[in-house]
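*Asks:* My structure is in target-v8.csv, and what it holds is CSV, C-alpha atoms:
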chain,number,residue,atom,x,y,z
A,1,MET,CA,72.4,-2.5,64.5
A,2,THR,CA,74.7,-4.1,66.9
A,3,GLY,CA,73.1,-6.3,69.6
A,4,GLY,CA,69.8,-4.6,69.1
A,5,ARG,CA,66.5,-6.3,69.6
A,6,HIS,CA,66.0,-6.7,65.8
A,7,SER,CA,69.5,-7.9,65.0
A,8,ARG,CA,69.8,-10.8,62.6
A,9,ARG,CA,71.2,-14.2,63.7
A,10,LEU,CA,74.7,-14.8,62.3
A,11,VAL,CA,74.0,-18.5,61.9
A,12,PRO,CA,70.7,-19.6,60.2
A,13,ALA,CA,68.3,-21.3,62.7
A,14,TYR,CA,68.1,-24.5,60.6
A,15,LEU,CA,71.8,-25.2,61.3
A,16,ALA,CA,70.9,-25.9,64.9
A,17,THR,CA,69.2,-29.0,63.8
A,18,GLY,CA,71.8,-30.2,61.4
A,19,GLY,CA,69.6,-29.1,58.5
A,20,ARG,CA,66.7,-31.4,59.6
A,21,ALA,CA,63.3,-29.8,59.2
A,22,HIS,CA,61.1,-32.5,60.9
A,23,PRO,CA,61.2,-33.8,64.5
A,24,SER,CA,61.8,-37.5,65.1
A,25,ARG,CA,58.6,-37.5,67.2
A,26,ASN,CA,55.3,-36.4,65.7
A,27,HIS,CA,53.5,-36.0,68.9
A,28,LEU,CA,55.0,-32.6,69.7
A,29,ASP,CA,52.6,-29.7,69.6
A,30,ARG,CA,53.1,-26.0,70.0
A,31,LEU,CA,51.4,-26.3,73.5
A,32,THR,CA,53.4,-29.4,74.5
A,33,THR,CA,54.6,-28.8,78.1
A,34,LEU,CA,58.4,-29.4,78.6
A,35,HIS,CA,59.9,-30.7,81.9
A,36,ALA,CA,63.5,-31.2,82.7
A,37,ALA,CA,64.5,-34.9,83.1
A,38,CYS,CA,67.9,-34.2,84.5
A,39,GLU,CA,69.4,-32.0,87.2
A,40,GLU,CA,72.6,-31.1,85.5
A,41,ILE,CA,72.9,-30.0,81.9
A,42,PRO,CA,75.4,-32.4,80.2
A,43,VAL,CA,78.3,-31.1,78.2
A,44,GLY,CA,78.5,-31.7,74.4
A,45,LEU,CA,75.1,-30.2,73.5
A,46,CYS,CA,74.7,-27.6,70.8
A,47,PRO,CA,74.0,-24.0,72.2
A,48,GLU,CA,70.4,-24.2,71.2
A,49,GLN,CA,69.8,-27.5,73.0
A,50,ARG,CA,71.6,-26.1,76.0
A,51,GLY,CA,69.4,-23.0,75.8
A,52,VAL,CA,66.2,-25.2,75.9
A,53,LEU,CA,67.4,-27.1,79.0
A,54,GLU,CA,68.4,-23.9,80.8
A,55,LEU,CA,65.0,-22.5,80.2
A,56,ILE,CA,63.3,-25.6,81.5
A,57,GLN,CA,65.4,-26.1,84.6
A,58,PRO,CA,63.4,-23.7,86.9
A,59,GLY,CA,60.1,-25.4,85.9
A,60,ALA,CA,57.8,-26.5,83.1
A,61,LEU,CA,57.3,-24.4,80.0
A,62,PRO,CA,55.2,-24.8,76.8
A,63,LEU,CA,57.2,-25.5,73.6
A,64,VAL,CA,56.0,-22.3,72.0
A,65,ASP,CA,57.2,-20.2,74.9
A,66,ALA,CA,60.6,-21.8,74.7
A,67,ALA,CA,60.8,-20.9,71.0
A,68,ALA,CA,59.9,-17.3,71.8
A,69,TYR,CA,62.5,-17.0,74.6
A,70,LEU,CA,65.2,-18.5,72.3
A,71,ARG,CA,64.0,-16.4,69.4
A,72,LEU,CA,63.9,-19.5,67.2
A,73,PRO,CA,61.1,-20.8,64.9
A,74,VAL,CA,58.7,-23.3,66.6
A,75,SER,CA,59.6,-25.9,63.9
A,76,ILE,CA,63.3,-25.7,64.8
A,77,VAL,CA,62.5,-26.0,68.6
A,78,LYS,CA,60.3,-29.0,67.9
A,79,VAL,CA,63.3,-30.8,66.3
A,80,LEU,CA,65.6,-29.8,69.2
A,81,VAL,CA,63.1,-30.9,71.8
A,82,ALA,CA,62.5,-34.3,70.0
A,83,ASP,CA,66.3,-34.9,70.2
A,84,LEU,CA,66.4,-34.0,73.9
A,85,VAL,CA,63.4,-36.3,74.6
A,86,SER,CA,65.1,-39.1,72.7
A,87,ALA,CA,68.3,-38.6,74.7
A,88,GLY,CA,66.3,-38.8,78.0
A,89,LEU,CA,67.1,-35.2,79.0
A,90,LEU,CA,63.6,-33.8,78.6
A,91,HIS,CA,60.0,-34.9,79.2
A,92,ALA,CA,57.3,-33.7,76.9
A,93,ARG,CA,53.7,-33.8,78.0
A,94,PRO,CA,51.0,-33.4,75.4
A,95,PRO,CA,48.7,-30.4,75.9
A,96,ILE,CA,45.6,-31.0,78.0
A,97,PRO,CA,42.5,-31.0,75.8
A,98,GLN,CA,40.1,-28.3,76.3
A,99,ALA,CA,37.2,-29.5,78.5
A,100,THR,CA,33.8,-29.5,77.0
A,101,GLY,CA,31.2,-27.4,78.8
A,102,PRO,CA,28.4,-29.0,80.7
A,103,ASP,CA,25.3,-30.1,78.8
A,104,LEU,CA,22.8,-27.2,78.9
A,105,GLU,CA,19.9,-29.6,79.3
A,106,THR,CA,21.5,-31.2,82.4
A,107,MET,CA,22.3,-27.8,83.9
A,108,GLU,CA,18.6,-26.7,83.4
A,109,LYS,CA,17.4,-29.8,85.2
A,110,VAL,CA,19.8,-29.1,88.1
A,111,LEU,CA,18.6,-25.5,88.3
A,112,ASP,CA,15.0,-26.7,88.3
A,113,GLY,CA,15.8,-29.2,91.1
A,114,LEU,CA,17.4,-26.5,93.1
A,115,ARG,CA,14.4,-24.2,92.6
A,116,ALA,CA,12.1,-27.0,93.7
A,117,LEU,CA,14.2,-27.5,96.9
A,118,LYS,CA,14.0,-23.8,97.7
A,119,SER,CA,10.2,-23.6,97.6
Do you think you could lay out the structure here as structure tokens?

*Replies:*
Amino acid sequence: MTGGRHSRRLVPAYLATGGRAHPSRNHLDRLTTLHAACEEIPVGLCPEQRGVLELIQPGALPLVDAAAYLRLPVSIVKVLVADLVSAGLLHARPPIPQATGPDLETMEKVLDGLRALKS
């Protein structure tokens, strides 16, 4: 299996984080949206950090998608992203909470009011 889709990584993923398992920022979620904070990718980054920034340069991307493209575990990408945010190279926006639907009672009153206008 050379270069195939299911080939194994030669270097374990956790080495990309220096062996750290937890991000320095606890607000990162799988759906956190990542935005580039710099136009040029600086030199001196590890290949995985460079990969994150290259993915983000064209536009915003959720953290979980970045992990999928990089073929890295989400937990590893969270650590990489936290480091890039701390370095000022990346912006991370928390996921937008799912909106609650309208109150059914209110919607019925609106419908009743519209029906009254029609007649």

*Asks:* Between CA of Val79 (chain A) and CA of Thr32 (chain A), what distance in Å does the model show, to one decimal?

*Replies:*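 Between CA of Val79 (chain A) and CA of Thr32 (chain A) the gap works out to 12.9 Å.
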
*Asks:* Residues around (49.8, -35.3, 79.4), cut-off 12 Å, counting only C-alpha atoms - what are they as a list in words?

*Replies:*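 Applying the cut-off with only C-alpha atoms, one gets His27, Leu28, Asp29, Leu31, Thr32, Thr33, Leu34, His35, His91, Ala92, Arg93, Pro94, Pro95, Ile96 and Pro97 of chain A.
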
*Asks:* Separation of CA of Pro62 (chain A) and CA of Val74 (chain A), in Å?

*Replies:*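 CA of Pro62 (chain A) sits 10.9 Å away from CA of Val74 (chain A).
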
*Asks:* Using all atoms listed in the file, collect all residues at a distance of at most 7 Å from (62.9, -36.1, 82.6) as written in the file, then present them as JSON, numbers by chain.

*Replies:* {"A": [35, 36, 37, 38, 88, 89, 90, 91]}

*Asks:* Go ahead and compute the interatomic distance for CA of Val64 (chain A) and CA of Val77 (chain A), in Å to one decimal.

*Replies:*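 Result for CA of Val64 (chain A) versus CA of Val77 (chain A): 8.2 Å, one decimal.
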
*Asks:* Can you tell me which residues surround region 41-55 of chain A at a distance of at most 9 Å, considering only C-alpha atoms, apart from same-chain residues fewer than 3 positions away, and format the answer as a list in words?

*Replies:*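 Here the answer would be Ala16, Thr17, His35, Ala36, Cys38, Pro58, Gly59, Ala60, Leu61, Ala66, Ala67, Tyr69, Leu70, Leu72, Val77, Leu80, Val81, Asp83, Leu84, Leu89 and Leu90 of chain A.
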
*Asks:* Restricting the calculation to only C-alpha atoms, which member of A:Met107, A:Gln98, A:Arg30, A:Asp112 is positioned closest to Pro73 (chain A)?

*Replies:*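 Going through A:Met107, A:Gln98, A:Arg30, A:Asp112 one by one, the smallest distance to Pro73 (chain A) is for A:Arg30.
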